[in-house]
file query29.pdb (PDB, N, CA and C atoms)
ATOM      1  N   MET A   1       0.838  -1.170   0.000
ATOM      2  CA  MET A   1       0.000   0.000   0.000
ATOM      3  C   MET A   1       0.886   1.237   0.000
ATOM      4  N   THR A   2       0.505   2.248  -0.753
ATOM      5  CA  THR A   2       1.279   3.458  -0.879
ATOM      6  C   THR A   2       1.057   4.370   0.319
ATOM      7  N   LYS A   3       2.130   4.916   0.822
ATOM      8  CA  LYS A   3       2.063   5.846   1.931
ATOM      9  C   LYS A   3       1.685   7.229   1.401
ATOM     10  N   VAL A   4       0.862   7.945   2.147
ATOM     11  CA  VAL A   4       0.432   9.284   1.754
ATOM     12  C   VAL A   4       1.418  10.295   2.331
ATOM     13  N   SER A   5       1.865  11.228   1.497
ATOM     14  CA  SER A   5       2.832  12.225   1.961
ATOM     15  C   SER A   5       2.142  13.295   2.807
ATOM     16  N   LYS A   6       2.941  14.026   3.569
ATOM     17  CA  LYS A   6       2.410  15.123   4.384
ATOM     18  C   LYS A   6       1.757  16.181   3.509
ATOM     19  N   GLU A   7       2.344  16.422   2.342
ATOM     20  CA  GLU A   7       1.778  17.414   1.429
ATOM     21  C   GLU A   7       0.397  16.983   0.939
ATOM     22  N   GLN A   8       0.252  15.696   0.629
ATOM     23  CA  GLN A   8      -1.043  15.183   0.189
ATOM     24  C   GLN A   8      -2.075  15.285   1.304
ATOM     25  N   LEU A   9      -1.654  14.977   2.538
ATOM     26  CA  LEU A   9      -2.565  15.101   3.675
ATOM     27  C   LEU A   9      -2.992  16.541   3.893
ATOM     28  N   ARG A  10      -2.043  17.449   3.820
ATOM     29  CA  ARG A  10      -2.368  18.871   3.998
ATOM     30  C   ARG A  10      -3.347  19.343   2.927
ATOM     31  N   LYS A  11      -3.122  18.904   1.694
ATOM     32  CA  LYS A  11      -4.019  19.266   0.594
ATOM     33  C   LYS A  11      -5.422  18.711   0.839
ATOM     34  N   PHE A  12      -5.508  17.438   1.271
ATOM     35  CA  PHE A  12      -6.790  16.807   1.560
ATOM     36  C   PHE A  12      -7.527  17.556   2.676
ATOM     37  N   ILE A  13      -6.810  17.906   3.726
ATOM     38  CA  ILE A  13      -7.400  18.641   4.856
ATOM     39  C   ILE A  13      -7.930  19.992   4.395
ATOM     40  N   LYS A  14      -7.144  20.695   3.598
ATOM     41  CA  LYS A  14      -7.554  22.014   3.112
ATOM     42  C   LYS A  14      -8.750  21.912   2.157
ATOM     43  N   GLU A  15      -8.686  20.971   1.213
ATOM     44  CA  GLU A  15      -9.765  20.816   0.234
ATOM     45  C   GLU A  15     -11.085  20.431   0.891
ATOM     46  N   ASN A  16     -11.037  19.664   1.967
ATOM     47  CA  ASN A  16     -12.243  19.202   2.643
ATOM     48  C   ASN A  16     -12.603  20.045   3.858
ATOM     49  N   ASN A  17     -11.822  21.100   4.081
ATOM     50  CA  ASN A  17     -12.088  22.039   5.169
ATOM     51  C   ASN A  17     -12.264  21.312   6.514
ATOM     52  N   LEU A  18     -11.315  20.420   6.812
ATOM     53  CA  LEU A  18     -11.383  19.629   8.036
ATOM     54  C   LEU A  18     -10.885  20.459   9.216
ATOM     55  N   LYS A  19     -11.760  20.658  10.195
ATOM     56  CA  LYS A  19     -11.404  21.476  11.345
ATOM     57  C   LYS A  19     -11.600  20.764  12.677
ATOM     58  N   SER A  20     -12.308  19.630  12.675
ATOM     59  CA  SER A  20     -12.579  18.924  13.924
ATOM     60  C   SER A  20     -12.473  17.420  13.690
ATOM     61  N   THR A  21     -12.484  16.686  14.780
ATOM     62  CA  THR A  21     -12.446  15.230  14.651
ATOM     63  C   THR A  21     -13.697  14.705  13.961
ATOM     64  N   GLU A  22     -14.819  15.395  14.154
ATOM     65  CA  GLU A  22     -16.054  14.994  13.473
ATOM     66  C   GLU A  22     -15.918  15.175  11.958
ATOM     67  N   ASP A  23     -15.247  16.253  11.552
ATOM     68  CA  ASP A  23     -15.011  16.481  10.125
ATOM     69  C   ASP A  23     -14.134  15.365   9.547
ATOM     70  N   VAL A  24     -13.115  14.985  10.297
ATOM     71  CA  VAL A  24     -12.221  13.916   9.853
ATOM     72  C   VAL A  24     -12.990  12.610   9.754
ATOM     73  N   GLN A  25     -13.801  12.314  10.761
ATOM     74  CA  GLN A  25     -14.609  11.087  10.773
ATOM     75  C   GLN A  25     -15.544  11.050   9.559
ATOM     76  N   ALA A  26     -16.188  12.164   9.257
ATOM     77  CA  ALA A  26     -17.101  12.226   8.109
ATOM     78  C   ALA A  26     -16.334  12.031   6.799
ATOM     79  N   ALA A  27     -15.147  12.642   6.690
ATOM     80  CA  ALA A  27     -14.344  12.493   5.477
ATOM     81  C   ALA A  27     -13.895  11.046   5.301
ATOM     82  N   LEU A  28     -13.494  10.391   6.394
ATOM     83  CA  LEU A  28     -13.094   8.989   6.323
ATOM     84  C   LEU A  28     -14.274   8.091   5.962
ATOM     85  N   ARG A  29     -15.447   8.407   6.481
ATOM     86  CA  ARG A  29     -16.658   7.643   6.152
ATOM     87  C   ARG A  29     -16.950   7.753   4.653
ATOM     88  N   ASP A  30     -16.870   8.968   4.112
ATOM     89  CA  ASP A  30     -17.114   9.173   2.685
ATOM     90  C   ASP A  30     -16.063   8.461   1.833
ATOM     91  N   LEU A  31     -14.816   8.525   2.270
ATOM     92  CA  LEU A  31     -13.730   7.863   1.552
ATOM     93  C   LEU A  31     -13.925   6.348   1.573
ATOM     94  N   PHE A  32     -14.314   5.810   2.725
ATOM     95  CA  PHE A  32     -14.587   4.376   2.849
ATOM     96  C   PHE A  32     -15.734   3.965   1.925
ATOM     97  N   ALA A  33     -16.819   4.723   1.938
ATOM     98  CA  ALA A  33     -17.984   4.387   1.107
ATOM     99  C   ALA A  33     -17.617   4.422  -0.371
ATOM    100  N   GLY A  34     -16.896   5.448  -0.791
ATOM    101  CA  GLY A  34     -16.493   5.556  -2.193
ATOM    102  C   GLY A  34     -15.572   4.431  -2.624
ATOM    103  N   THR A  35     -14.663   4.056  -1.732
ATOM    104  CA  THR A  35     -13.741   2.960  -2.025
ATOM    105  C   THR A  35     -14.490   1.636  -2.166
ATOM    106  N   MET A  36     -15.403   1.359  -1.247
ATOM    107  CA  MET A  36     -16.182   0.121  -1.324
ATOM    108  C   MET A  36     -17.018   0.083  -2.601
ATOM    109  N   GLN A  37     -17.629   1.213  -2.952
ATOM    110  CA  GLN A  37     -18.449   1.296  -4.163
ATOM    111  C   GLN A  37     -17.615   0.981  -5.402
ATOM    112  N   GLU A  38     -16.446   1.595  -5.512
ATOM    113  CA  GLU A  38     -15.587   1.371  -6.677
ATOM    114  C   GLU A  38     -15.081  -0.072  -6.734
ATOM    115  N   MET A  39     -14.801  -0.671  -5.575
ATOM    116  CA  MET A  39     -14.360  -2.063  -5.550
ATOM    117  C   MET A  39     -15.457  -2.985  -6.069
ATOM    118  N   LEU A  40     -16.700  -2.732  -5.684
ATOM    119  CA  LEU A  40     -17.812  -3.555  -6.163
ATOM    120  C   LEU A  40     -18.026  -3.389  -7.663
ATOM    121  N   GLU A  41     -17.907  -2.163  -8.151
ATOM    122  CA  GLU A  41     -18.047  -1.920  -9.591
ATOM    123  C   GLU A  41     -16.939  -2.635 -10.361
ATOM    124  N   ALA A  42     -15.705  -2.577  -9.847
ATOM    125  CA  ALA A  42     -14.579  -3.248 -10.501
ATOM    126  C   ALA A  42     -14.760  -4.762 -10.473
ATOM    127  N   GLU A  43     -15.295  -5.282  -9.382
ATOM    128  CA  GLU A  43     -15.544  -6.714  -9.274
ATOM    129  C   GLU A  43     -16.547  -7.166 -10.338
ATOM    130  N   LEU A  44     -17.590  -6.373 -10.567
ATOM    131  CA  LEU A  44     -18.573  -6.738 -11.587
ATOM    132  C   LEU A  44     -17.963  -6.643 -12.982
ATOM    133  N   ASP A  45     -17.132  -5.624 -13.224
ATOM    134  CA  ASP A  45     -16.429  -5.536 -14.512
ATOM    135  C   ASP A  45     -15.635  -6.806 -14.771
ATOM    136  N   THR A  46     -14.905  -7.273 -13.753
ATOM    137  CA  THR A  46     -14.096  -8.479 -13.890
ATOM    138  C   THR A  46     -14.981  -9.703 -14.098
ATOM    139  N   HIS A  47     -16.045  -9.799 -13.340
ATOM    140  CA  HIS A  47     -16.972 -10.935 -13.445
ATOM    141  C   HIS A  47     -17.596 -11.020 -14.837
ATOM    142  N   LEU A  48     -18.010  -9.883 -15.372
ATOM    143  CA  LEU A  48     -18.664  -9.872 -16.683
ATOM    144  C   LEU A  48     -17.659  -9.911 -17.829
ATOM    145  N   GLY A  49     -16.434  -9.456 -17.578
ATOM    146  CA  GLY A  49     -15.414  -9.472 -18.620
ATOM    147  C   GLY A  49     -15.389  -8.240 -19.495
ATOM    148  N   TYR A  50     -16.111  -7.205 -19.128
ATOM    149  CA  TYR A  50     -16.078  -5.955 -19.886
ATOM    150  C   TYR A  50     -16.451  -4.794 -18.960
ATOM    151  N   ALA A  51     -15.952  -3.618 -19.292
ATOM    152  CA  ALA A  51     -16.220  -2.425 -18.493
ATOM    153  C   ALA A  51     -17.609  -1.868 -18.827
ATOM    154  N   LYS A  52     -18.157  -1.132 -17.908
ATOM    155  CA  LYS A  52     -19.472  -0.519 -18.110
ATOM    156  C   LYS A  52     -19.449   0.348 -19.369
ATOM    157  N   HIS A  53     -20.469   0.249 -20.184
ATOM    158  CA  HIS A  53     -20.638   0.988 -21.447
ATOM    159  C   HIS A  53     -19.665   0.548 -22.540
ATOM    160  N   ASP A  54     -18.933  -0.545 -22.340
ATOM    161  CA  ASP A  54     -17.993  -1.039 -23.347
ATOM    162  C   ASP A  54     -18.586  -2.258 -24.043
ATOM    163  N   THR A  55     -19.739  -2.089 -24.652
ATOM    164  CA  THR A  55     -20.437  -3.217 -25.276
ATOM    165  C   THR A  55     -19.675  -3.788 -26.468
ATOM    166  N   LYS A  56     -18.754  -3.016 -27.018
ATOM    167  CA  LYS A  56     -17.946  -3.493 -28.140
ATOM    168  C   LYS A  56     -17.120  -4.721 -27.733
ATOM    169  N   ASN A  57     -16.678  -4.764 -26.469
ATOM    170  CA  ASN A  57     -15.854  -5.878 -25.981
ATOM    171  C   ASN A  57     -16.645  -6.895 -25.165
ATOM    172  N   LYS A  58     -17.950  -6.830 -25.229
ATOM    173  CA  LYS A  58     -18.797  -7.763 -24.484
ATOM    174  C   LYS A  58     -18.820  -9.109 -25.192
ATOM    175  N   THR A  59     -18.464 -10.170 -24.433
ATOM    176  CA  THR A  59     -18.433 -11.515 -25.010
ATOM    177  C   THR A  59     -19.295 -12.490 -24.211
ATOM    178  N   THR A  60     -20.256 -11.974 -23.465
ATOM    179  CA  THR A  60     -21.117 -12.807 -22.637
ATOM    180  C   THR A  60     -22.566 -12.405 -22.847
ATOM    181  N   ASP A  61     -23.485 -13.320 -22.540
ATOM    182  CA  ASP A  61     -24.898 -12.953 -22.617
ATOM    183  C   ASP A  61     -25.382 -12.376 -21.286
ATOM    184  N   ASN A  62     -24.524 -12.354 -20.285
ATOM    185  CA  ASN A  62     -24.840 -11.765 -18.995
ATOM    186  C   ASN A  62     -24.574 -10.259 -19.068
ATOM    187  N   SER A  63     -25.336  -9.478 -18.349
ATOM    188  CA  SER A  63     -25.128  -8.027 -18.369
ATOM    189  C   SER A  63     -25.534  -7.409 -17.043
ATOM    190  N   ARG A  64     -25.240  -6.133 -16.897
ATOM    191  CA  ARG A  64     -25.586  -5.400 -15.685
ATOM    192  C   ARG A  64     -27.099  -5.287 -15.547
ATOM    193  N   ASN A  65     -27.550  -5.212 -14.295
ATOM    194  CA  ASN A  65     -28.984  -5.141 -14.049
ATOM    195  C   ASN A  65     -29.269  -4.245 -12.840
ATOM    196  N   GLY A  66     -28.779  -3.033 -12.874
ATOM    197  CA  GLY A  66     -29.078  -2.071 -11.817
ATOM    198  C   GLY A  66     -28.259  -2.256 -10.566
ATOM    199  N   HIS A  67     -28.769  -1.691  -9.484
ATOM    200  CA  HIS A  67     -28.090  -1.705  -8.189
ATOM    201  C   HIS A  67     -29.094  -1.982  -7.076
ATOM    202  N   SER A  68     -28.583  -2.516  -5.978
ATOM    203  CA  SER A  68     -29.372  -2.695  -4.753
ATOM    204  C   SER A  68     -28.760  -1.816  -3.668
ATOM    205  N   ARG A  69     -29.588  -1.100  -2.957
ATOM    206  CA  ARG A  69     -29.111  -0.251  -1.858
ATOM    207  C   ARG A  69     -28.804  -1.106  -0.640
ATOM    208  N   LYS A  70     -27.653  -0.854  -0.045
ATOM    209  CA  LYS A  70     -27.243  -1.560   1.167
ATOM    210  C   LYS A  70     -26.624  -0.557   2.132
ATOM    211  N   THR A  71     -26.725  -0.868   3.417
ATOM    212  CA  THR A  71     -26.083  -0.063   4.445
ATOM    213  C   THR A  71     -24.950  -0.876   5.046
ATOM    214  N   LEU A  72     -23.752  -0.305   5.019
ATOM    215  CA  LEU A  72     -22.600  -0.939   5.647
ATOM    216  C   LEU A  72     -22.361  -0.274   6.989
ATOM    217  N   THR A  73     -22.099  -1.077   7.989
ATOM    218  CA  THR A  73     -21.754  -0.556   9.299
ATOM    219  C   THR A  73     -20.246  -0.704   9.458
ATOM    220  N   SER A  74     -19.585   0.409   9.723
ATOM    221  CA  SER A  74     -18.134   0.386   9.867
ATOM    222  C   SER A  74     -17.732   1.186  11.097
ATOM    223  N   GLU A  75     -16.450   1.184  11.376
ATOM    224  CA  GLU A  75     -15.962   1.976  12.499
ATOM    225  C   GLU A  75     -16.141   3.474  12.245
ATOM    226  N   TYR A  76     -16.422   3.848  11.014
ATOM    227  CA  TYR A  76     -16.651   5.251  10.664
ATOM    228  C   TYR A  76     -18.130   5.622  10.716
ATOM    229  N   GLY A  77     -18.972   4.648  10.988
ATOM    230  CA  GLY A  77     -20.411   4.870  11.007
ATOM    231  C   GLY A  77     -21.079   4.129   9.860
ATOM    232  N   ASP A  78     -22.387   4.254   9.776
ATOM    233  CA  ASP A  78     -23.150   3.605   8.705
ATOM    234  C   ASP A  78     -22.995   4.386   7.406
ATOM    235  N   VAL A  79     -22.803   3.661   6.314
ATOM    236  CA  VAL A  79     -22.710   4.278   4.991
ATOM    237  C   VAL A  79     -23.611   3.530   4.029
ATOM    238  N   GLU A  80     -24.228   4.265   3.128
ATOM    239  CA  GLU A  80     -25.079   3.684   2.085
ATOM    240  C   GLU A  80     -24.241   3.455   0.835
ATOM    241  N   ILE A  81     -24.381   2.269   0.245
ATOM    242  CA  ILE A  81     -23.753   1.991  -1.034
ATOM    243  C   ILE A  81     -24.787   1.386  -1.963
ATOM    244  N   ALA A  82     -24.463   1.377  -3.244
ATOM    245  CA  ALA A  82     -25.336   0.769  -4.253
ATOM    246  C   ALA A  82     -24.595  -0.423  -4.836
ATOM    247  N   VAL A  83     -24.999  -1.633  -4.472
ATOM    248  CA  VAL A  83     -24.328  -2.848  -4.917
ATOM    249  C   VAL A  83     -24.789  -3.170  -6.334
ATOM    250  N   PRO A  84     -23.852  -3.240  -7.290
ATOM    251  CA  PRO A  84     -24.251  -3.540  -8.670
ATOM    252  C   PRO A  84     -24.691  -4.990  -8.816
ATOM    253  N   ARG A  85     -25.678  -5.206  -9.693
ATOM    254  CA  ARG A  85     -26.213  -6.549  -9.940
ATOM    255  C   ARG A  85     -25.977  -6.913 -11.401
ATOM    256  N   ASP A  86     -25.965  -8.216 -11.645
ATOM    257  CA  ASP A  86     -25.979  -8.690 -13.034
ATOM    258  C   ASP A  86     -27.240  -9.539 -13.228
ATOM    259  N   ARG A  87     -27.566  -9.837 -14.458
ATOM    260  CA  ARG A  87     -28.800 -10.557 -14.751
ATOM    261  C   ARG A  87     -28.753 -12.011 -14.319
ATOM    262  N   LYS A  88     -27.584 -12.621 -14.356
ATOM    263  CA  LYS A  88     -27.499 -14.041 -14.011
ATOM    264  C   LYS A  88     -26.922 -14.193 -12.633
TER     265      LYS A  88
END
call {"tool": "encode", "arguments": {"input": "query29.pdb", "output": "structure tokens"}}
result
Amino acid sequence: MTKVSKEQLRKFIKENNLKSTEDVQAALRDLFAGTMQEMLEAELDTHLGYAKHDTKNKTTDNSRNGHSRKTLTSEYGDVEIAVPRDRK
């Protein structure tokens, strides 16, 4: 895993206007939710064998079929994600 530099941390703090521990907690919760969402999307891309909207490289009869809302409970609090589904 790549280590984050002090400059990157300072930039993140400034961009997100983090002033309290609650602000940090909220930013970490959002970062966690976004990371989990992207991991699920990437997992479906791998499972189906093609990226979203890349029908030119689609070699399966299976396809995406929307999302299901789920709540994850983490040390950062509850976060809502949209779990991608496939038809099969």
call {"tool": "atom_distance", "arguments": {"input": "query29.pdb", "atom1": "atom N of Arg85 in chain A", "atom2": "atom N of His67 in chain A"}}
result
4.7 Å
call {"tool": "closest_residue", "arguments": {"input": "query29.pdb", "among": "A:Leu44, A:Glu38, A:Lys88, A:Glu80", "to": "Asp61 in chain A", "atoms": "only N, CA and C atoms"}}
result
A:Lys88
call {"tool": "atom_distance", "arguments": {"input": "query29.pdb", "atom1": "CA of Gln37 in chain A", "atom2": "atom N of Ala82 in chain A"}}
result
6.1 Å
call {"tool": "atom_distance", "arguments": {"input": "query29.pdb", "atom1": "CA of Ser68 in chain A", "atom2": "CA of Pro84 in chain A"}}
result
6.5 Å
call {"tool": "resolve_selection", "arguments": {"input": "query29.pdb", "expression": "the PyMOL selection byres ((chain A and resi 62) around 6.5)", "output": "MDAnalysis selection string"}}
result
chainID A and resid 48 60:61 63:64 86:88
call {"tool": "write_last_selection", "arguments": {"input": "query29.pdb", "atoms": "N, CA and C atoms", "output": "tab-separated table (two decimals), in the frame of the given file"}}
result
chain	number	residue	atom	x	y	z
A	48	LEU	N	-18.01	-9.88	-15.37
A	48	LEU	CA	-18.66	-9.87	-16.68
A	48	LEU	C	-17.66	-9.91	-17.83
A	60	THR	N	-20.26	-11.97	-23.46
A	60	THR	CA	-21.12	-12.81	-22.64
A	60	THR	C	-22.57	-12.40	-22.85
A	61	ASP	N	-23.48	-13.32	-22.54
A	61	ASP	CA	-24.90	-12.95	-22.62
A	61	ASP	C	-25.38	-12.38	-21.29
A	63	SER	N	-25.34	-9.48	-18.35
A	63	SER	CA	-25.13	-8.03	-18.37
A	63	SER	C	-25.53	-7.41	-17.04
A	64	ARG	N	-25.24	-6.13	-16.90
A	64	ARG	CA	-25.59	-5.40	-15.68
A	64	ARG	C	-27.10	-5.29	-15.55
A	86	ASP	N	-25.96	-8.22	-11.64
A	86	ASP	CA	-25.98	-8.69	-13.03
A	86	ASP	C	-27.24	-9.54	-13.23
A	87	ARG	N	-27.57	-9.84	-14.46
A	87	ARG	CA	-28.80	-10.56	-14.75
A	87	ARG	C	-28.75	-12.01	-14.32
A	88	LYS	N	-27.58	-12.62	-14.36
A	88	LYS	CA	-27.50	-14.04	-14.01
A	88	LYS	C	-26.92	-14.19	-12.63
call {"tool": "closest_residue", "arguments": {"input": "query29.pdb", "among": "A:Val83, A:Met39, A:Leu18, A:Lys52", "to": "Gly66 in chain A", "atoms": "only C-alpha atoms"}}
result
A:Val83
call {"tool": "residues_near_point", "arguments": {"input": "query29.pdb", "point": "(-14.6, 9.6, 4.7)", "cutoff": "12 Å", "atoms": "only C-alpha atoms", "output": "compact mmCIF listing (two decimals) with N, CA and C atoms, in the coordinates of the input"}}
result
# COMPACT_ATOMS: atom_id res chain seq x y z
N PHE A 12 -5.51 17.44 1.27
CA PHE A 12 -6.79 16.81 1.56
C PHE A 12 -7.53 17.56 2.68
N ILE A 13 -6.81 17.91 3.73
CA ILE A 13 -7.40 18.64 4.86
C ILE A 13 -7.93 19.99 4.39
N ASN A 16 -11.04 19.66 1.97
CA ASN A 16 -12.24 19.20 2.64
C ASN A 16 -12.60 20.05 3.86
N LEU A 18 -11.32 20.42 6.81
CA LEU A 18 -11.38 19.63 8.04
C LEU A 18 -10.88 20.46 9.22
N THR A 21 -12.48 16.69 14.78
CA THR A 21 -12.45 15.23 14.65
C THR A 21 -13.70 14.70 13.96
N GLU A 22 -14.82 15.40 14.15
CA GLU A 22 -16.05 14.99 13.47
C GLU A 22 -15.92 15.18 11.96
N ASP A 23 -15.25 16.25 11.55
CA ASP A 23 -15.01 16.48 10.12
C ASP A 23 -14.13 15.36 9.55
N VAL A 24 -13.12 14.98 10.30
CA VAL A 24 -12.22 13.92 9.85
C VAL A 24 -12.99 12.61 9.75
N GLN A 25 -13.80 12.31 10.76
CA GLN A 25 -14.61 11.09 10.77
C GLN A 25 -15.54 11.05 9.56
N ALA A 26 -16.19 12.16 9.26
CA ALA A 26 -17.10 12.23 8.11
C ALA A 26 -16.33 12.03 6.80
N ALA A 27 -15.15 12.64 6.69
CA ALA A 27 -14.34 12.49 5.48
C ALA A 27 -13.90 11.05 5.30
N LEU A 28 -13.49 10.39 6.39
CA LEU A 28 -13.09 8.99 6.32
C LEU A 28 -14.27 8.09 5.96
N ARG A 29 -15.45 8.41 6.48
CA ARG A 29 -16.66 7.64 6.15
C ARG A 29 -16.95 7.75 4.65
N ASP A 30 -16.87 8.97 4.11
CA ASP A 30 -17.11 9.17 2.68
C ASP A 30 -16.06 8.46 1.83
N LEU A 31 -14.82 8.52 2.27
CA LEU A 31 -13.73 7.86 1.55
C LEU A 31 -13.92 6.35 1.57
N PHE A 32 -14.31 5.81 2.72
CA PHE A 32 -14.59 4.38 2.85
C PHE A 32 -15.73 3.96 1.92
N ALA A 33 -16.82 4.72 1.94
CA ALA A 33 -17.98 4.39 1.11
C ALA A 33 -17.62 4.42 -0.37
N GLY A 34 -16.90 5.45 -0.79
CA GLY A 34 -16.49 5.56 -2.19
C GLY A 34 -15.57 4.43 -2.62
N THR A 35 -14.66 4.06 -1.73
CA THR A 35 -13.74 2.96 -2.02
C THR A 35 -14.49 1.64 -2.17
N MET A 36 -15.40 1.36 -1.25
CA MET A 36 -16.18 0.12 -1.32
C MET A 36 -17.02 0.08 -2.60
N SER A 74 -19.58 0.41 9.72
CA SER A 74 -18.13 0.39 9.87
C SER A 74 -17.73 1.19 11.10
N GLU A 75 -16.45 1.18 11.38
CA GLU A 75 -15.96 1.98 12.50
C GLU A 75 -16.14 3.47 12.24
N TYR A 76 -16.42 3.85 11.01
CA TYR A 76 -16.65 5.25 10.66
C TYR A 76 -18.13 5.62 10.72
N GLY A 77 -18.97 4.65 10.99
CA GLY A 77 -20.41 4.87 11.01
C GLY A 77 -21.08 4.13 9.86
N ASP A 78 -22.39 4.25 9.78
CA ASP A 78 -23.15 3.60 8.70
C ASP A 78 -23.00 4.39 7.41
N VAL A 79 -22.80 3.66 6.31
CA VAL A 79 -22.71 4.28 4.99
C VAL A 79 -23.61 3.53 4.03
call {"tool": "select_by_dssp", "arguments": {"input": "query29.pdb", "residues": "chain A", "states": "strand (DSSP E)", "output": "PyMOL selection string"}}
result
chain A and resi 64-74+77-86
call {"tool": "decode", "arguments": {"input": "query29.pdb", "residues": "range 53-72 of chain A", "atoms": "N, CA and C atoms", "output": "short mmCIF file (atom, residue, chain, number, x, y, z; two decimals), in the first residue's frame"}}
result
data_model
loop_
_atom_site.label_atom_id
_atom_site.label_comp_id
_atom_site.auth_asym_id
_atom_site.auth_seq_id
_atom_site.Cartn_x
_atom_site.Cartn_y
_atom_site.Cartn_z
N HIS A 53 -20.47 0.25 -20.18
CA HIS A 53 -20.64 0.99 -21.45
C HIS A 53 -19.67 0.55 -22.54
N ASP A 54 -18.93 -0.55 -22.34
CA ASP A 54 -17.99 -1.04 -23.35
C ASP A 54 -18.59 -2.26 -24.04
N THR A 55 -19.74 -2.09 -24.65
CA THR A 55 -20.44 -3.22 -25.28
C THR A 55 -19.67 -3.79 -26.47
N LYS A 56 -18.75 -3.02 -27.02
CA LYS A 56 -17.95 -3.49 -28.14
C LYS A 56 -17.12 -4.72 -27.73
N ASN A 57 -16.68 -4.76 -26.47
CA ASN A 57 -15.85 -5.88 -25.98
C ASN A 57 -16.64 -6.89 -25.16
N LYS A 58 -17.95 -6.83 -25.23
CA LYS A 58 -18.80 -7.76 -24.48
C LYS A 58 -18.82 -9.11 -25.19
N THR A 59 -18.46 -10.17 -24.43
CA THR A 59 -18.43 -11.51 -25.01
C THR A 59 -19.30 -12.49 -24.21
N THR A 60 -20.26 -11.97 -23.47
CA THR A 60 -21.12 -12.81 -22.64
C THR A 60 -22.57 -12.40 -22.85
N ASP A 61 -23.49 -13.32 -22.54
CA ASP A 61 -24.90 -12.95 -22.62
C ASP A 61 -25.38 -12.38 -21.29
N ASN A 62 -24.52 -12.35 -20.28
CA ASN A 62 -24.84 -11.77 -19.00
C ASN A 62 -24.57 -10.26 -19.07
N SER A 63 -25.34 -9.48 -18.35
CA SER A 63 -25.13 -8.03 -18.37
C SER A 63 -25.53 -7.41 -17.04
N ARG A 64 -25.24 -6.13 -16.90
CA ARG A 64 -25.59 -5.40 -15.68
C ARG A 64 -27.10 -5.29 -15.55
N ASN A 65 -27.55 -5.21 -14.30
CA ASN A 65 -28.98 -5.14 -14.05
C ASN A 65 -29.27 -4.24 -12.84
N GLY A 66 -28.78 -3.03 -12.87
CA GLY A 66 -29.08 -2.07 -11.82
C GLY A 66 -28.26 -2.26 -10.57
N HIS A 67 -28.77 -1.69 -9.48
CA HIS A 67 -28.09 -1.70 -8.19
C HIS A 67 -29.09 -1.98 -7.08
N SER A 68 -28.58 -2.52 -5.98
CA SER A 68 -29.37 -2.70 -4.75
C SER A 68 -28.76 -1.82 -3.67
N ARG A 69 -29.59 -1.10 -2.96
CA ARG A 69 -29.11 -0.25 -1.86
C ARG A 69 -28.80 -1.11 -0.64
N LYS A 70 -27.65 -0.85 -0.05
CA LYS A 70 -27.24 -1.56 1.17
C LYS A 70 -26.62 -0.56 2.13
N THR A 71 -26.72 -0.87 3.42
CA THR A 71 -26.08 -0.06 4.45
C THR A 71 -24.95 -0.88 5.05
N LEU A 72 -23.75 -0.30 5.02
CA LEU A 72 -22.60 -0.94 5.65
C LEU A 72 -22.36 -0.27 6.99
#
